[in-house]
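Listing of entry30.txt, compact mmCIF, C-alpha atoms
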```
# COMPACT_ATOMS: atom_id res chain seq x y z
CA MET Q 28 -126.52 123.79 112.68
CA LYS Q 29 -126.08 121.22 109.90
CA ASP Q 30 -122.75 119.44 109.52
CA ALA Q 31 -120.08 121.58 107.89
CA PRO Q 32 -119.87 120.84 104.15
CA PHE Q 33 -117.10 118.97 102.40
CA PHE Q 34 -116.14 119.84 98.82
CA GLU Q 35 -118.49 117.19 97.40
CA ASP Q 36 -121.44 118.93 99.08
CA PHE Q 37 -121.17 122.17 97.11
CA PHE Q 38 -123.00 123.14 93.92
CA VAL Q 39 -123.06 126.34 91.88
CA GLY Q 40 -125.88 128.62 93.00
CA GLN Q 41 -125.86 127.28 96.56
CA ASP Q 42 -126.86 129.93 99.12
CA PHE Q 43 -125.24 130.29 102.56
CA SER Q 44 -127.03 133.42 103.78
CA ASP Q 45 -128.76 132.00 106.86
CA VAL Q 46 -126.38 133.72 109.29
CA PRO Q 47 -126.92 136.33 112.02
CA SER Q 48 -126.97 140.00 111.12
CA VAL Q 49 -124.62 142.00 113.34
CA THR Q 50 -124.98 145.51 114.77
CA LEU Q 51 -121.63 147.23 115.07
CA THR Q 52 -121.06 148.50 118.60
CA ASP Q 53 -118.54 150.70 120.36
CA GLY Q 54 -117.32 147.53 122.12
CA MET Q 55 -116.48 145.83 118.82
CA VAL Q 56 -114.69 148.96 117.64
CA ALA Q 57 -112.68 149.10 120.89
CA LEU Q 58 -111.66 145.43 120.70
CA HIS Q 59 -110.61 145.72 117.08
CA GLN Q 60 -108.59 148.84 117.92
CA ALA Q 61 -106.93 147.01 120.83
CA LEU Q 62 -105.95 144.14 118.54
CA PHE Q 63 -104.45 146.26 115.76
CA GLY Q 64 -103.86 149.85 116.90
CA ASP Q 65 -104.90 151.29 113.53
CA ARG Q 66 -104.19 155.04 113.30
CA MET Q 67 -106.77 156.04 110.68
CA ARG Q 68 -107.81 159.40 112.09
CA LEU Q 69 -111.44 159.58 110.98
CA SER Q 70 -112.34 156.43 112.92
CA LEU Q 71 -110.46 157.65 116.02
CA ASP Q 72 -111.53 161.31 116.22
CA ASN Q 73 -115.31 161.64 116.39
CA PRO Q 74 -115.49 165.49 116.17
CA LEU Q 75 -113.25 165.36 113.10
CA SER Q 76 -115.33 162.54 111.63
CA GLN Q 77 -118.53 164.54 112.17
CA SER Q 78 -117.10 167.59 110.42
CA VAL Q 79 -115.91 165.54 107.44
CA THR Q 80 -118.69 162.95 107.03
CA GLY Q 81 -121.65 165.00 108.34
CA GLU Q 82 -122.70 161.96 110.41
CA SER Q 83 -122.97 162.20 114.20
CA ARG Q 84 -122.10 158.52 114.72
CA SER Q 85 -118.50 157.29 114.74
CA LEU Q 86 -117.05 156.04 111.46
CA VAL Q 87 -116.08 152.35 111.57
CA ASN Q 88 -112.62 151.40 110.37
CA PRO Q 89 -112.92 149.54 107.03
CA ALA Q 90 -110.69 146.72 108.31
CA LEU Q 91 -113.33 145.89 110.93
CA VAL Q 92 -116.10 146.00 108.32
CA CYS Q 93 -114.19 143.57 106.10
CA ASN Q 94 -113.29 141.26 108.98
CA LEU Q 95 -116.91 141.04 110.06
CA ALA Q 96 -118.13 140.40 106.52
CA ILE Q 97 -115.56 137.64 106.00
CA GLY Q 98 -116.51 136.08 109.33
CA GLN Q 99 -120.20 136.12 108.39
CA SER Q 100 -119.33 134.33 105.12
CA THR Q 101 -117.65 131.30 106.74
CA LEU Q 102 -120.70 129.04 107.03
CA PRO Q 103 -119.57 127.21 103.84
CA SER Q 104 -115.87 127.27 104.76
CA GLN Q 105 -115.86 125.79 108.26
CA ARG Q 106 -113.53 123.00 107.12
CA VAL Q 107 -111.22 125.39 105.25
CA LEU Q 108 -107.62 124.31 104.77
CA GLY Q 109 -106.74 127.90 103.89
CA ASN Q 110 -108.42 130.91 102.33
CA LEU Q 111 -106.45 131.43 99.15
CA PHE Q 112 -107.45 134.85 97.87
CA TYR Q 113 -109.92 137.73 97.55
CA ARG Q 114 -110.91 139.47 94.34
CA GLY Q 115 -112.70 142.66 93.33
CA LEU Q 116 -113.55 143.91 96.83
CA GLN Q 117 -115.36 147.26 96.79
CA LEU Q 118 -116.32 149.25 99.87
CA LEU Q 119 -119.35 150.97 98.37
CA ALA Q 120 -120.59 153.07 101.31
CA PRO Q 121 -119.19 154.10 104.70
CA VAL Q 122 -120.26 152.20 107.82
CA PHE Q 123 -120.94 153.84 111.18
CA VAL Q 124 -121.34 152.56 114.75
CA GLY Q 125 -124.92 151.37 115.15
CA ASP Q 126 -125.25 150.11 111.58
CA THR Q 127 -126.47 146.51 111.23
CA LEU Q 128 -124.77 144.43 108.56
CA THR Q 129 -126.35 141.47 106.79
CA THR Q 130 -124.15 139.23 104.64
CA SER Q 131 -125.23 136.94 101.80
CA THR Q 132 -122.85 134.30 100.41
CA LYS Q 133 -123.31 132.24 97.24
CA VAL Q 134 -121.26 129.58 95.46
CA ILE Q 135 -120.45 130.74 91.92
CA ALA Q 136 -117.79 128.24 90.76
CA LEU Q 137 -116.04 125.02 91.81
CA ARG Q 138 -112.67 123.58 90.83
CA GLN Q 139 -111.07 120.45 92.23
CA ASN Q 140 -107.33 120.55 92.82
CA ALA Q 141 -105.15 118.25 90.73
CA ILE Q 142 -105.24 114.68 91.98
CA LYS Q 143 -101.81 113.58 93.21
CA THR Q 144 -100.68 110.30 94.75
CA GLY Q 145 -100.43 110.55 98.51
CA ARG Q 146 -102.39 113.81 98.75
CA ALA Q 147 -105.97 113.87 100.01
CA ALA Q 148 -108.46 115.24 97.51
CA SER Q 149 -109.58 118.87 97.92
CA GLY Q 150 -111.09 121.67 95.91
CA MET Q 151 -111.52 125.41 95.63
CA VAL Q 152 -114.89 127.10 96.16
CA ALA Q 153 -115.52 130.52 94.60
CA LEU Q 154 -117.84 132.56 96.82
CA GLU Q 155 -119.57 135.85 96.05
CA ILE Q 156 -120.27 137.94 99.15
CA ARG Q 157 -122.58 140.93 99.40
CA VAL Q 158 -123.12 143.01 102.57
CA GLU Q 159 -126.07 145.35 103.17
CA ASN Q 160 -126.81 147.73 106.03
CA GLN Q 161 -130.16 148.09 107.80
CA ASP Q 162 -131.43 150.40 105.05
CA GLY Q 163 -130.75 147.89 102.27
CA VAL Q 164 -127.70 149.82 101.02
CA VAL Q 165 -124.92 147.54 99.72
CA VAL Q 166 -121.81 148.61 101.64
CA LEU Q 167 -119.43 145.86 100.56
CA HIS Q 168 -119.17 143.41 97.64
CA PHE Q 169 -116.38 140.91 96.97
CA TRP Q 170 -115.33 137.41 96.03
CA ARG Q 171 -113.14 134.97 97.95
CA CYS Q 172 -111.81 131.45 97.48
CA PRO Q 173 -111.38 128.92 100.31
CA MET Q 174 -109.81 125.49 99.78
CA ILE Q 175 -112.02 122.72 101.21
CA PRO Q 176 -111.18 119.02 101.76
CA CYS Q 177 -113.16 116.25 100.13
CA ARG Q 178 -115.04 113.77 102.28
CA ASP Q 179 -113.55 110.95 100.17
CA VAL Q 180 -109.78 111.43 100.13
CA THR Q 181 -109.68 109.79 96.67
CA ALA Q 182 -112.66 111.71 95.22
CA ASN Q 183 -112.72 112.86 91.62
CA THR Q 184 -115.63 115.31 91.41
CA GLY Q 185 -114.92 116.54 87.91
CA HIS Q 186 -115.43 120.16 88.97
CA ALA Q 187 -113.28 122.38 86.72
CA ASP Q 188 -115.04 125.76 86.48
CA ASP Q 189 -113.35 128.88 85.12
CA PHE Q 190 -112.48 131.13 88.06
CA ALA Q 191 -112.28 134.21 85.85
CA VAL Q 192 -115.86 134.72 87.06
CA MET Q 193 -114.23 136.41 90.08
CA PRO Q 194 -113.18 139.81 88.67
CA GLU Q 195 -110.14 141.69 89.92
CA LEU Q 196 -110.65 144.61 87.53
CA ILE Q 197 -112.05 147.71 89.20
CA THR Q 198 -112.08 150.68 86.85
CA ASP Q 199 -111.01 154.20 87.73
CA GLU Q 200 -114.59 155.28 86.97
CA GLN Q 201 -115.88 152.87 89.61
CA LEU Q 202 -113.39 154.15 92.17
CA LEU Q 203 -114.27 157.76 91.50
CA ALA Q 204 -117.99 157.01 91.71
CA HIS Q 205 -117.61 155.53 95.19
CA VAL Q 206 -115.77 158.46 96.75
CA PRO Q 207 -118.19 159.64 99.47
CA ALA Q 208 -119.68 163.14 99.33
CA TRP Q 209 -117.72 164.35 102.35
CA ASN Q 210 -116.36 167.73 103.35
CA PHE Q 211 -112.70 167.06 102.59
CA ASP Q 212 -111.83 170.73 103.20
CA ALA Q 213 -112.72 170.20 106.87
CA TYR Q 214 -109.98 167.58 107.09
CA ARG Q 215 -107.46 169.75 105.28
CA ASP Q 216 -108.30 172.67 107.58
CA ARG Q 217 -107.55 170.45 110.59
CA TYR Q 218 -104.38 168.98 109.03
CA PRO Q 219 -102.98 171.39 106.41
CA GLN Q 220 -100.00 169.08 105.84
CA SER Q 221 -102.35 166.34 104.61
CA ASN Q 222 -102.45 167.93 101.16
CA ALA Q 223 -98.72 167.41 100.55
CA PRO Q 224 -97.84 165.56 97.33
CA LEU Q 225 -97.48 161.81 97.72
CA PRO Q 226 -94.41 160.46 95.91
CA LEU Q 227 -94.63 157.31 93.84
CA GLY Q 228 -92.53 154.34 94.89
CA LEU Q 229 -91.78 152.64 98.17
CA LEU Q 230 -93.18 154.08 101.40
CA ASN Q 231 -91.10 153.38 104.47
CA VAL Q 232 -92.66 151.49 107.41
CA GLU Q 233 -90.04 150.53 109.98
CA ALA Q 234 -92.38 149.19 112.65
CA ALA Q 235 -93.27 145.50 112.60
CA ASP Q 236 -95.93 143.89 114.80
CA THR Q 237 -96.41 140.57 116.59
CA VAL Q 238 -99.55 138.49 116.04
CA THR Q 239 -101.42 138.00 119.31
CA LEU Q 240 -105.00 137.15 120.34
CA ALA Q 241 -105.82 135.72 116.92
CA PRO Q 242 -108.76 133.53 118.14
CA GLU Q 243 -110.37 136.54 119.81
CA LEU Q 244 -110.83 138.27 116.45
CA VAL Q 245 -112.18 135.01 114.99
CA ARG Q 246 -114.83 134.76 117.71
CA MET Q 247 -115.82 138.43 117.60
CA THR Q 248 -116.42 138.28 113.83
CA LEU Q 249 -118.42 135.01 114.01
CA ASN Q 250 -115.79 133.21 111.95
CA LEU Q 251 -116.57 129.47 111.94
CA ALA Q 252 -113.38 128.19 110.29
CA MET Q 253 -112.22 125.43 112.63
CA THR Q 254 -108.53 125.69 111.77
CA HIS Q 255 -108.38 129.10 113.48
CA THR Q 256 -109.47 127.86 116.92
CA ASP Q 257 -108.61 124.14 116.95
CA ALA Q 258 -105.05 123.04 116.19
CA THR Q 259 -106.20 119.47 115.49
CA ARG Q 260 -108.15 120.81 112.47
CA SER Q 261 -105.09 122.44 110.93
CA VAL Q 262 -102.87 120.81 108.31
CA TYR Q 263 -99.94 122.24 110.31
CA ASP Q 264 -101.08 120.83 113.70
CA LYS Q 265 -100.94 124.46 114.83
CA ARG Q 266 -103.77 126.99 114.86
CA LEU Q 267 -103.72 128.89 111.59
CA VAL Q 268 -104.15 132.64 112.02
CA TYR Q 269 -107.25 133.96 110.24
CA GLY Q 270 -106.21 135.76 107.05
CA GLY Q 271 -108.22 138.85 107.96
CA HIS Q 272 -105.96 139.25 110.99
CA THR Q 273 -102.92 139.47 108.70
CA ILE Q 274 -104.70 141.96 106.43
CA ALA Q 275 -105.76 144.14 109.39
CA MET Q 276 -102.15 144.24 110.62
CA ALA Q 277 -101.04 145.31 107.16
CA ALA Q 278 -103.76 147.99 107.21
CA LYS Q 279 -102.42 149.28 110.54
CA GLN Q 280 -98.92 149.49 109.07
CA LEU Q 281 -100.40 151.24 106.04
CA SER Q 282 -101.87 153.86 108.39
CA LEU Q 283 -98.31 154.55 109.59
CA ALA Q 284 -97.05 155.09 106.05
CA LEU Q 285 -100.09 157.19 105.09
CA PRO Q 286 -101.08 159.00 108.30
CA HIS Q 287 -103.81 160.99 106.52
CA MET Q 288 -105.50 158.05 104.83
CA LEU Q 289 -109.27 158.60 105.06
CA GLY Q 290 -110.40 155.11 104.13
CA VAL Q 291 -110.16 152.17 101.75
CA LEU Q 292 -112.18 152.11 98.53
CA ALA Q 293 -111.24 148.74 97.04
CA TRP Q 294 -109.03 145.68 97.03
CA TYR Q 295 -108.16 144.69 93.47
CA ARG Q 296 -106.75 141.40 94.69
CA CYS Q 297 -105.43 139.98 97.93
CA ASP Q 298 -103.48 136.70 97.94
CA HIS Q 299 -102.54 134.66 101.00
CA VAL Q 300 -99.27 133.21 99.72
CA GLY Q 301 -98.11 131.72 103.04
CA PRO Q 302 -99.49 130.70 106.44
CA VAL Q 303 -99.34 132.88 109.56
CA PHE Q 304 -99.16 131.65 113.15
CA GLU Q 305 -99.55 133.21 116.58
CA GLN Q 306 -96.43 135.15 117.64
CA ASP Q 307 -95.20 135.62 114.06
CA ILE Q 308 -93.80 139.12 113.51
CA LEU Q 309 -95.30 140.82 110.45
CA SER Q 310 -93.77 143.69 108.48
CA SER Q 311 -95.06 145.49 105.39
CA SER Q 312 -93.44 146.86 102.26
CA ILE Q 313 -95.72 149.41 100.58
CA ASP Q 314 -95.39 150.53 96.98
CA CYS Q 315 -97.40 153.56 95.81
CA GLU Q 316 -98.02 152.74 92.13
CA ALA Q 317 -100.29 155.57 90.99
CA ILE Q 318 -102.33 158.57 92.13
CA LEU Q 319 -105.80 159.20 90.74
CA GLN Q 320 -107.20 162.72 91.17
CA HIS Q 321 -110.81 163.14 92.27
CA GLU Q 322 -112.59 166.49 92.15
CA HIS Q 323 -112.25 166.90 95.93
CA ALA Q 324 -109.75 164.23 97.01
CA ARG Q 325 -107.08 161.78 95.82
CA ILE Q 326 -106.97 158.02 95.38
CA ALA Q 327 -103.69 156.16 95.87
CA LYS Q 328 -103.22 152.78 94.20
CA LEU Q 329 -100.93 150.64 96.35
CA HIS Q 330 -99.32 147.23 96.49
CA VAL Q 331 -98.51 145.83 99.94
CA THR Q 332 -96.23 142.84 100.56
CA VAL Q 333 -96.23 141.34 104.06
CA LEU Q 334 -93.32 139.29 105.41
CA ALA Q 335 -93.56 136.99 108.43
CA ARG Q 336 -90.61 136.41 110.73
CA ARG Q 337 -91.49 133.17 112.44
CA GLY Q 338 -92.28 133.13 116.15
CA PRO Q 339 -92.09 130.30 118.69
CA GLU Q 340 -95.57 128.97 117.78
CA ALA Q 341 -94.74 128.33 114.11
CA PRO Q 342 -94.26 124.69 113.07
CA GLU Q 343 -90.71 123.39 113.32
CA GLY Q 344 -88.75 124.13 110.18
CA MET Q 345 -91.10 126.88 109.00
CA THR Q 346 -88.97 129.66 107.50
CA ASP Q 347 -89.46 133.40 107.29
CA ASP Q 348 -91.44 134.12 104.16
CA THR Q 349 -93.83 136.42 102.30
CA VAL Q 350 -97.37 135.70 103.48
CA LEU Q 351 -99.54 138.34 101.77
CA GLU Q 352 -99.67 140.21 98.45
CA TRP Q 353 -102.35 142.91 98.52
CA SER Q 354 -103.29 145.44 95.81
CA LEU Q 355 -105.74 148.14 96.89
CA ALA Q 356 -106.94 151.71 96.46
CA VAL Q 357 -107.19 154.15 99.37
CA LEU Q 358 -108.73 157.57 99.81
CA LEU Q 359 -106.61 160.62 100.66
CA PRO Q 360 -107.49 164.32 101.13
```

Show me this structure written as structure tokens.
Amino acid sequence: MKDAPFFEDFFVGQDFSDVPSVTLTDGMVALHQALFGDRMRLSLDNPLSQSVTGESRSLVNPALVCNLAIGQSTLPSQRVLGNLFYRGLQLLAPVFVGDTLTTSTKVIALRQNAIKTGRAASGMVALEIRVENQDGVVVLHFWRCPMIPCRDVTANTGHADDFAVMPELITDEQLLAHVPAWNFDAYRDRYPQSNAPLPLGLLNVEAADTVTLAPELVRMTLNLAMTHTDATRSVYDKRLVYGGHTIAMAAKQLSLALPHMLGVLAWYRCDHVGPVFEQDILSSSIDCEAILQHEHARIAKLHVTVLARRGPEAPEGMTDDTVLEWSLAVLLP
């Protein structure tokens, strides 16, 4: 493998798609479930999944699909100081155990951070990521932005691209078009209470969860970001928890608030607004902002805010703080 790139090494149009394809196995599903305990019923109950999806293979939880795709896209971001945000993520087709996912990653924009005295030079790299299954069907498409150090700590690259190229707008028409052609009545027959009206406003989630085994998820998803496995590569001198780990914990807490959630259709935006460390305790506040009616199902538009109470592994002086702001759309019966 070639040396990991610094910010000066990037150019718009650069391709980082020479990465392994990955076949999703029952073992990967089991490990992901052990790490997060997600309660999304279709990915836990295979007979129910078969009756709803019409597919004999087990449905894969969307959090695992996203974590794997992000991990496959880290060839350019091995030196990442932090992944700042995701934009316009659309889960375009369901993924089942046995599917093989291939991820392509391209640089679409570059912007150097403001040069400040006493701060090493760095920049932001806008990446477009597309994931296909073994049949060439695009199952996932999104943009993300890692912050990468410069090789020369005093570098002035002149990169100042407009990052509006990463869209966060996903129309209602797009959401409705990506609702799978499933037998939603089969789910409602199994759980008649699932059709109850969902009130707008805050959804209560009392349970918090402690971050553990963060490097194990990094390794399983082929994530190459050095800060997640080597504390000496972190700006905090502590291993930084992979952002997908935080998102998957929030997804688990979302499955407590919405026990009949059938899947995730999109992330409008997802911002990592603070670092997370091993043994931090994460809790979610979930706001249901709107309900969109599909012919056979419903789509809930949500905003999730995740707070970290700092554990013993956090750097000294690190205070409790908001670490994630996540706007998404989920599928309900």

Would you mind listing what lies within 7 Å of Gly40 (chain Q) as a list in words, with all atoms listed in the file counted and same-chain residues fewer than 6 positions away left out?
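The residues that qualify are Lys133, Val134 and Ile135 of chain Q.
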
- Residues near region 156-172 of chain Q, cut-off 9 Å, all atoms listed in the file, skip fewer than 2 positions along chain, as a ChimeraX atom specification: /Q:92-93,96-97,100,109-122,126-133,151-154,174,193-194,294

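Computed from the coordinates, the CA of Thr254 (chain Q) to CA of Glu343 (chain Q) distance equals 18.0 Å.
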
Report task. Counting all atoms listed in the file, note down every residue that has an atom within 7 Å of the point (-114.4, 162.0, 93.8) (file coordinates), as a list in words. Result ->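 Applying the cut-off with all atoms listed in the file, one gets Leu203, Ala204, Val206, His321, Glu322, His323 and Ala324 of chain Q.
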
Would you mind exporting C-alpha atoms of the selected residues as a PDB file, keeping the file's coordinate frame?
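Done, and the output landed in again.pdb:
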```pdb
ATOM      1  CA  LEU Q 203    -114.270 157.760  91.500  1.00  0.00           C
ATOM      2  CA  ALA Q 204    -117.990 157.010  91.710  1.00  0.00           C
ATOM      3  CA  VAL Q 206    -115.770 158.460  96.750  1.00  0.00           C
ATOM      4  CA  HIS Q 321    -110.810 163.140  92.270  1.00  0.00           C
ATOM      5  CA  GLU Q 322    -112.590 166.490  92.150  1.00  0.00           C
ATOM      6  CA  HIS Q 323    -112.250 166.900  95.930  1.00  0.00           C
ATOM      7  CA  ALA Q 324    -109.750 164.230  97.010  1.00  0.00           C
TER       8      ALA Q 324
END
```

Using all atoms listed in the file, the residue out of Q:Gly150, Q:Pro226, Q:Pro219, Q:Gly98 with shortest distance to Leu244 (chain Q) is Q:Gly98

Point out the residue among Q:Val87, Q:Ala341, Q:Ala187, Q:Leu137 with the least atom-to-atom distance to Asp72 (chain Q), counting all atoms listed in the file.
->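 Using all atoms listed in the file, Asp72 (chain Q) sits closest to Q:Val87.
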
Between CA of Val245 (chain Q) and CA of Asp347 (chain Q), measure the distance and give it in Å to one decimal.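 Distance between the two atoms: 24.0 Å.
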
One decimal place gives the CA of Val300 (chain Q)-CA of Met276 (chain Q) separation as 15.8 Å

Please rebuild region 112-130 of chain Q with N, CA and C atoms and give the result as a PDB file, in the frame of the given file.
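out24.pdb written:
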```pdb
ATOM      1  N   PHE Q 112    -107.512 133.485  98.385  1.00  0.00           N
ATOM      2  CA  PHE Q 112    -107.450 134.850  97.870  1.00  0.00           C
ATOM      3  C   PHE Q 112    -108.802 135.529  97.900  1.00  0.00           C
ATOM      4  N   TYR Q 113    -108.745 136.867  97.723  1.00  0.00           N
ATOM      5  CA  TYR Q 113    -109.920 137.730  97.550  1.00  0.00           C
ATOM      6  C   TYR Q 113    -109.778 138.436  96.211  1.00  0.00           C
ATOM      7  N   ARG Q 114    -110.922 138.761  95.602  1.00  0.00           N
ATOM      8  CA  ARG Q 114    -110.910 139.470  94.340  1.00  0.00           C
ATOM      9  C   ARG Q 114    -112.008 140.540  94.323  1.00  0.00           C
ATOM     10  N   GLY Q 115    -111.703 141.657  93.660  1.00  0.00           N
ATOM     11  CA  GLY Q 115    -112.700 142.660  93.330  1.00  0.00           C
ATOM     12  C   GLY Q 115    -113.486 143.231  94.495  1.00  0.00           C
ATOM     13  N   LEU Q 116    -112.832 143.416  95.643  1.00  0.00           N
ATOM     14  CA  LEU Q 116    -113.550 143.910  96.830  1.00  0.00           C
ATOM     15  C   LEU Q 116    -113.763 145.410  96.707  1.00  0.00           C
ATOM     16  N   GLN Q 117    -115.023 145.839  96.838  1.00  0.00           N
ATOM     17  CA  GLN Q 117    -115.360 147.260  96.790  1.00  0.00           C
ATOM     18  C   GLN Q 117    -116.142 147.662  98.043  1.00  0.00           C
ATOM     19  N   LEU Q 118    -115.608 148.646  98.742  1.00  0.00           N
ATOM     20  CA  LEU Q 118    -116.320 149.250  99.870  1.00  0.00           C
ATOM     21  C   LEU Q 118    -117.167 150.376  99.296  1.00  0.00           C
ATOM     22  N   LEU Q 119    -118.462 150.124  99.165  1.00  0.00           N
ATOM     23  CA  LEU Q 119    -119.350 150.970  98.370  1.00  0.00           C
ATOM     24  C   LEU Q 119    -119.982 152.109  99.149  1.00  0.00           C
ATOM     25  N   ALA Q 120    -119.993 152.012 100.476  1.00  0.00           N
ATOM     26  CA  ALA Q 120    -120.590 153.070 101.310  1.00  0.00           C
ATOM     27  C   ALA Q 120    -119.964 152.992 102.693  1.00  0.00           C
ATOM     28  N   PRO Q 121    -119.772 154.126 103.357  1.00  0.00           N
ATOM     29  CA  PRO Q 121    -119.190 154.100 104.700  1.00  0.00           C
ATOM     30  C   PRO Q 121    -120.124 153.435 105.702  1.00  0.00           C
ATOM     31  N   VAL Q 122    -119.525 152.885 106.757  1.00  0.00           N
ATOM     32  CA  VAL Q 122    -120.260 152.200 107.820  1.00  0.00           C
ATOM     33  C   VAL Q 122    -119.991 152.934 109.130  1.00  0.00           C
ATOM     34  N   PHE Q 123    -121.045 153.105 109.928  1.00  0.00           N
ATOM     35  CA  PHE Q 123    -120.940 153.840 111.180  1.00  0.00           C
ATOM     36  C   PHE Q 123    -121.388 152.954 112.346  1.00  0.00           C
ATOM     37  N   VAL Q 124    -120.911 153.292 113.553  1.00  0.00           N
ATOM     38  CA  VAL Q 124    -121.340 152.560 114.750  1.00  0.00           C
ATOM     39  C   VAL Q 124    -122.861 152.622 114.855  1.00  0.00           C
ATOM     40  N   GLY Q 125    -123.462 151.481 115.102  1.00  0.00           N
ATOM     41  CA  GLY Q 125    -124.920 151.370 115.150  1.00  0.00           C
ATOM     42  C   GLY Q 125    -125.518 150.777 113.901  1.00  0.00           C
ATOM     43  N   ASP Q 126    -124.763 150.752 112.794  1.00  0.00           N
ATOM     44  CA  ASP Q 126    -125.250 150.110 111.580  1.00  0.00           C
ATOM     45  C   ASP Q 126    -125.323 148.593 111.799  1.00  0.00           C
ATOM     46  N   THR Q 127    -126.304 147.965 111.171  1.00  0.00           N
ATOM     47  CA  THR Q 127    -126.470 146.510 111.230  1.00  0.00           C
ATOM     48  C   THR Q 127    -126.170 145.937 109.855  1.00  0.00           C
ATOM     49  N   LEU Q 128    -125.225 144.997 109.816  1.00  0.00           N
ATOM     50  CA  LEU Q 128    -124.770 144.430 108.560  1.00  0.00           C
ATOM     51  C   LEU Q 128    -125.308 143.020 108.368  1.00  0.00           C
ATOM     52  N   THR Q 129    -125.830 142.772 107.175  1.00  0.00           N
ATOM     53  CA  THR Q 129    -126.350 141.470 106.790  1.00  0.00           C
ATOM     54  C   THR Q 129    -125.566 140.973 105.589  1.00  0.00           C
ATOM     55  N   THR Q 130    -125.037 139.760 105.670  1.00  0.00           N
ATOM     56  CA  THR Q 130    -124.150 139.230 104.640  1.00  0.00           C
ATOM     57  C   THR Q 130    -124.788 138.042 103.939  1.00  0.00           C
TER      58      THR Q 130
END
```
